[in-house]
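Participant: Handing you a structure now.
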Amino acid sequence: EYETIWGFGANLMIDNLDDIAAMDRTCDEVGMDTIEMANTMAMAMEGGTLAWGDSKGVLAELNKVGTSDPLGRIYGNGTSYTAKAFGVDRIPVVKNQALPAYDPRAVKGVGVTYATTPMGADHTAGYGVCQNVLKVGGDVDGHKKEGNIEISKNLQIATAAVDSLGLCLFVAFAILDDARGVPCMAKLISGLTGKEMSVDEMIGIGVNCLKDELDFNKRAGFTDEDDQLPRFFREELLAPHNVGWGYSTEELQAAKV
């Protein structure tokens, strides 16, 4: 699976697919998210507990989670906790959730989503990769700031609506490039509920969902300062195009409903 192979593979400098598959199975057996745990292992490597590329070492450490082993108890708390325990300051998280595979400096549409979605870094909450890379539903340059806040906001609203309706997020690929797609979804809801549902009302479901989530976060103590990427993304350029991040926290507030 893409995120798992990236996270336990390239992200950790591991190229043994059999060991990566074993890491995936180890996580599945105890209900650990592979994005979170791959980034957790990266923090262990960054902190010097494991060597980069040590696939057997990663397997051994993953098997400690859920036991009384002290390191396992640290890893089980995720990327941010592990980084702080090992004194690492380049921590790839937003709102304590680990970043997925897409680098936000080169795929800024999804980077805005990482920064501003109420859930923390989550590519599925507003998959700007569609417009930045796949050119589905539009063509917005992922290396430049222009247009990516708007793309992320619209995708976050649409995704919240899709999620609330119990539909698979992958329907987005079908509906983004077909003008009949969204009206068809509204008709499906009308058929299920027996109440006529307009496109605007369906989009309103997504807006209201996000408002509820943002209200929850506010009451939980999150502020606008939490709607930003980690410092190193803002200070370091990404090769080979040498692109940076560049959004201020104030600018990113425009991505919220």
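Lettering and numbering for the structure tokens are positional, with chains as A, B, ... in the shown order, residues counted from 1 in each chain, and ligands counted from 1 in the shown order.
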For segment 21-29 of chain A, work out the shell of residues within 10 Å, counting only C-alpha atoms and skipping chain neighbours fewer than 5 positions away, then give it as a VMD selection string.

Facilitator: chain A and resid 1 4 to 5 8 to 9 16 34 37 to 38 55 to 56 58 to 60 62 to 63 65

Participant: Which of segment 17-212 of chain A counts as alpha helix (DSSP H) under DSSP, as a VMD selection string please?

Facilitator: chain A and resid 17 to 30 34 to 46 55 to 62 70 to 75 79 to 85 108 to 116 129 148 to 164 171 to 176 181 to 193 199 to 212

Participant: Running DSSP on the backbone, which parts of segment 73-213 of chain A land in strand (DSSP E), as a count of residues only?

Facilitator: 4

Participant: For Ser248 of chain A, find every residue with an atom within 9 Å (counting only C-alpha atoms), except residues of its own chain fewer than 3 positions away, and show them as a list in words.

Facilitator: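 Those residues are Gln228, Glu251 and Leu252 of chain A.
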
Participant: For the selection you just gave me, I'd like the residues written to a file as a PDB file, in the first residue's frame, keeping N, CA, C and O atoms.

Facilitator:
ATOM      1  N   GLN A 228      -0.569  25.360  11.231  1.00  0.00           N
ATOM      2  CA  GLN A 228       0.675  25.678  10.526  1.00  0.00           C
ATOM      3  C   GLN A 228       1.537  24.429  10.474  1.00  0.00           C
ATOM      4  O   GLN A 228       1.409  23.528  11.316  1.00  0.00           O
ATOM      5  N   GLU A 251      -2.522  33.870   6.706  1.00  0.00           N
ATOM      6  CA  GLU A 251      -3.015  33.521   5.375  1.00  0.00           C
ATOM      7  C   GLU A 251      -3.799  32.219   5.381  1.00  0.00           C
ATOM      8  O   GLU A 251      -4.817  32.067   4.706  1.00  0.00           O
ATOM      9  N   LEU A 252      -3.349  31.268   6.178  1.00  0.00           N
ATOM     10  CA  LEU A 252      -3.969  29.944   6.187  1.00  0.00           C
ATOM     11  C   LEU A 252      -5.365  29.947   6.790  1.00  0.00           C
ATOM     12  O   LEU A 252      -6.143  29.010   6.550  1.00  0.00           O
TER      13      LEU A 252
END

Participant: Would you mind telling me which residue in A:Pro230, A:Gly142, A:Gly166, A:Gly120 lies nearest to Met185 of chain A when using only C-alpha atoms?

Facilitator: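 Once distances to Met185 of chain A are computed over only C-alpha atoms, the minimum belongs to A:Gly166.
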
Participant: So that I can see what lies close to Ala42 of chain A, please list as a PDB file with N, CA and C atoms, in the first residue's frame the residues with an atom at most 9 Å from it, counting only C-alpha atoms and leaving out residues fewer than 5 positions away in the same chain.

Facilitator:
ATOM      1  N   GLY A   7       6.299   5.092   3.849  1.00  0.00           N
ATOM      2  CA  GLY A   7       6.652   5.379   5.236  1.00  0.00           C
ATOM      3  C   GLY A   7       7.735   4.463   5.775  1.00  0.00           C
ATOM      4  N   PHE A   8       7.533   3.166   5.605  1.00  0.00           N
ATOM      5  CA  PHE A   8       8.520   2.205   6.106  1.00  0.00           C
ATOM      6  C   PHE A   8       9.642   1.957   5.099  1.00  0.00           C
ATOM      7  N   ASN A  11      11.058   6.557   3.296  1.00  0.00           N
ATOM      8  CA  ASN A  11      11.173   7.477   4.424  1.00  0.00           C
ATOM      9  C   ASN A  11      12.210   7.017   5.453  1.00  0.00           C
ATOM     10  N   LEU A  12      12.381   5.705   5.569  1.00  0.00           N
ATOM     11  CA  LEU A  12      13.354   5.146   6.526  1.00  0.00           C
ATOM     12  C   LEU A  12      14.598   4.610   5.827  1.00  0.00           C
ATOM     13  N   MET A  37       3.226   5.181  12.657  1.00  0.00           N
ATOM     14  CA  MET A  37       4.325   4.369  13.183  1.00  0.00           C
ATOM     15  C   MET A  37       5.576   4.465  12.323  1.00  0.00           C
ATOM     16  N   GLY A  47      16.792  10.227  16.304  1.00  0.00           N
ATOM     17  CA  GLY A  47      17.308  10.364  17.663  1.00  0.00           C
ATOM     18  C   GLY A  47      18.459   9.429  17.987  1.00  0.00           C
ATOM     19  N   LEU A  50      17.901   3.926  16.396  1.00  0.00           N
ATOM     20  CA  LEU A  50      17.992   2.981  15.286  1.00  0.00           C
ATOM     21  C   LEU A  50      18.855   3.589  14.182  1.00  0.00           C
ATOM     22  N   TRP A  52      19.498   4.366  10.228  1.00  0.00           N
ATOM     23  CA  TRP A  52      18.708   4.524   9.016  1.00  0.00           C
ATOM     24  C   TRP A  52      18.879   3.291   8.122  1.00  0.00           C
ATOM     25  N   THR A  79       4.399   9.686  16.975  1.00  0.00           N
ATOM     26  CA  THR A  79       5.543  10.417  16.426  1.00  0.00           C
ATOM     27  C   THR A  79       5.990  11.571  17.311  1.00  0.00           C
ATOM     28  N   ALA A  83       9.519  11.718  19.376  1.00  0.00           N
ATOM     29  CA  ALA A  83      10.514  12.737  19.035  1.00  0.00           C
ATOM     30  C   ALA A  83      10.944  13.515  20.269  1.00  0.00           C
TER      31      ALA A  83
END

Participant: So how far away is atom CA of Lys211 of chain A from atom CA of Ile189 of chain A, in Å?

Facilitator: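 So the two atoms, atom CA of Ile189 of chain A and atom CA of Lys211 of chain A, lie 21.3 Å apart.
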
Participant: So what do you get for atom CA of Leu99 of chain A versus atom CA of Ala121 of chain A, distance-wise?

Facilitator: 5.2 Å

Participant: Interatomic distance between atom CA of Lys95 of chain A and atom CA of Met119 of chain A?

Facilitator: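 Value for the atom CA of Lys95 of chain A-atom CA of Met119 of chain A distance: 7.5 Å.
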
Participant: If we count only C-alpha atoms and set the cut-off at 9 Å, which residues sit around Asp227 of chain A, ignoring sequence neighbours fewer than 5 positions away in its own chain? Please answer as a CSV table (one decimal) with N, CA, C and O atoms, in the first residue's frame.

Facilitator:
chain,number,residue,atom,x,y,z
A,94,VAL,N,1.3,17.8,12.5
A,94,VAL,CA,0.4,18.9,12.7
A,94,VAL,C,-0.6,18.5,13.7
A,94,VAL,O,-1.3,17.4,13.5
A,95,LYS,N,-0.8,19.3,14.7
A,95,LYS,CA,-1.8,18.9,15.8
A,95,LYS,C,-1.5,17.5,16.3
A,95,LYS,O,-2.4,16.7,16.6
A,112,VAL,N,-1.7,22.8,2.5
A,112,VAL,CA,-2.7,23.6,3.2
A,112,VAL,C,-3.7,22.8,4.0
A,112,VAL,O,-4.1,23.1,5.1
A,114,TYR,N,-3.0,19.7,5.3
A,114,TYR,CA,-2.2,19.3,6.5
A,114,TYR,C,-2.3,20.3,7.6
A,114,TYR,O,-2.6,20.0,8.7
A,115,ALA,N,-2.1,21.6,7.2
A,115,ALA,CA,-2.0,22.6,8.2
A,115,ALA,C,-3.3,23.0,8.8
A,115,ALA,O,-3.4,23.3,10.0
A,116,THR,N,-4.4,23.0,8.1
A,116,THR,CA,-5.6,23.6,8.5
A,116,THR,C,-6.8,22.6,8.8
A,116,THR,O,-7.7,23.0,9.5
A,117,THR,N,-6.7,21.4,8.4
A,117,THR,CA,-7.8,20.5,8.7
A,117,THR,C,-7.9,20.3,10.2
A,117,THR,O,-6.9,20.2,10.9
A,118,PRO,N,-9.1,20.2,10.8
A,118,PRO,CA,-9.2,20.1,12.2
A,118,PRO,C,-8.6,18.8,12.8
A,118,PRO,O,-8.3,18.7,13.9
A,120,GLY,N,-5.7,17.4,12.1
A,120,GLY,CA,-4.3,17.3,12.1
A,120,GLY,C,-3.9,16.8,10.7
A,120,GLY,O,-4.7,16.6,9.8
A,222,PHE,N,-7.1,24.3,21.0
A,222,PHE,CA,-6.3,24.7,19.8
A,222,PHE,C,-6.6,26.1,19.4
A,222,PHE,O,-7.7,26.7,19.5
A,249,THR,N,0.6,32.0,9.1
A,249,THR,CA,-0.6,31.4,9.8
A,249,THR,C,-1.8,32.2,9.5
A,249,THR,O,-2.9,31.7,9.4
A,252,LEU,N,-3.3,31.3,6.2
A,252,LEU,CA,-4.0,29.9,6.2
A,252,LEU,C,-5.4,29.9,6.8
A,252,LEU,O,-6.1,29.0,6.5
A,253,GLN,N,-5.7,31.0,7.5
A,253,GLN,CA,-7.0,31.0,8.1
A,253,GLN,C,-8.1,31.1,7.1
A,253,GLN,O,-9.3,30.7,7.3

Participant: Do a neighbour search on Gly48 of chain A at 12 Å with only C-alpha atoms, toss out local chain neighbours closer than 3 positions, and write the hits as a PDB file with C-alpha atoms, in the first residue's frame.

Facilitator:
ATOM      1  CA  MET A  41      10.413   4.951  13.631  1.00  0.00           C
ATOM      2  CA  ALA A  42      11.915   7.880  11.712  1.00  0.00           C
ATOM      3  CA  MET A  43      12.073   9.805  14.970  1.00  0.00           C
ATOM      4  CA  ALA A  44      13.827   6.842  16.591  1.00  0.00           C
ATOM      5  CA  MET A  45      16.352   6.917  13.757  1.00  0.00           C
ATOM      6  CA  ALA A  51      20.231   3.209  12.223  1.00  0.00           C
ATOM      7  CA  TRP A  52      18.708   4.524   9.016  1.00  0.00           C
ATOM      8  CA  ASP A  54      17.792  -0.986   9.539  1.00  0.00           C
ATOM      9  CA  THR A  82       8.727   9.746  20.537  1.00  0.00           C
ATOM     10  CA  ALA A  83      10.514  12.737  19.035  1.00  0.00           C
ATOM     11  CA  ALA A  85      11.484  11.650  24.278  1.00  0.00           C
ATOM     12  CA  PHE A  86      14.585  11.370  22.065  1.00  0.00           C
ATOM     13  CA  GLY A  87      15.287  15.110  21.833  1.00  0.00           C
ATOM     14  CA  VAL A  88      14.397  15.428  18.136  1.00  0.00           C
TER      15      VAL A  88
END

Participant: Just the residues within 12 Å of Glu201 of chain A, please, counting only C-alpha atoms, with nothing from its chain fewer than 6 positions along; format it as a CSV table (one decimal) with C-alpha atoms, in the first residue's frame.

Facilitator:
chain,number,residue,atom,x,y,z
A,158,ALA,CA,-16.5,18.3,-0.2
A,161,ALA,CA,-19.8,16.0,3.0
A,182,VAL,CA,-22.2,16.1,-7.7
A,183,PRO,CA,-25.9,16.5,-8.7
A,185,MET,CA,-24.9,12.5,-5.3
A,186,ALA,CA,-27.6,14.9,-4.3
A,187,LYS,CA,-30.2,12.7,-6.0
A,189,ILE,CA,-29.4,11.4,-0.9
A,190,SER,CA,-32.9,12.4,-1.9
A,195,LYS,CA,-36.5,14.5,1.1
A,207,VAL,CA,-19.6,23.1,5.9
A,208,ASN,CA,-21.6,22.3,9.1
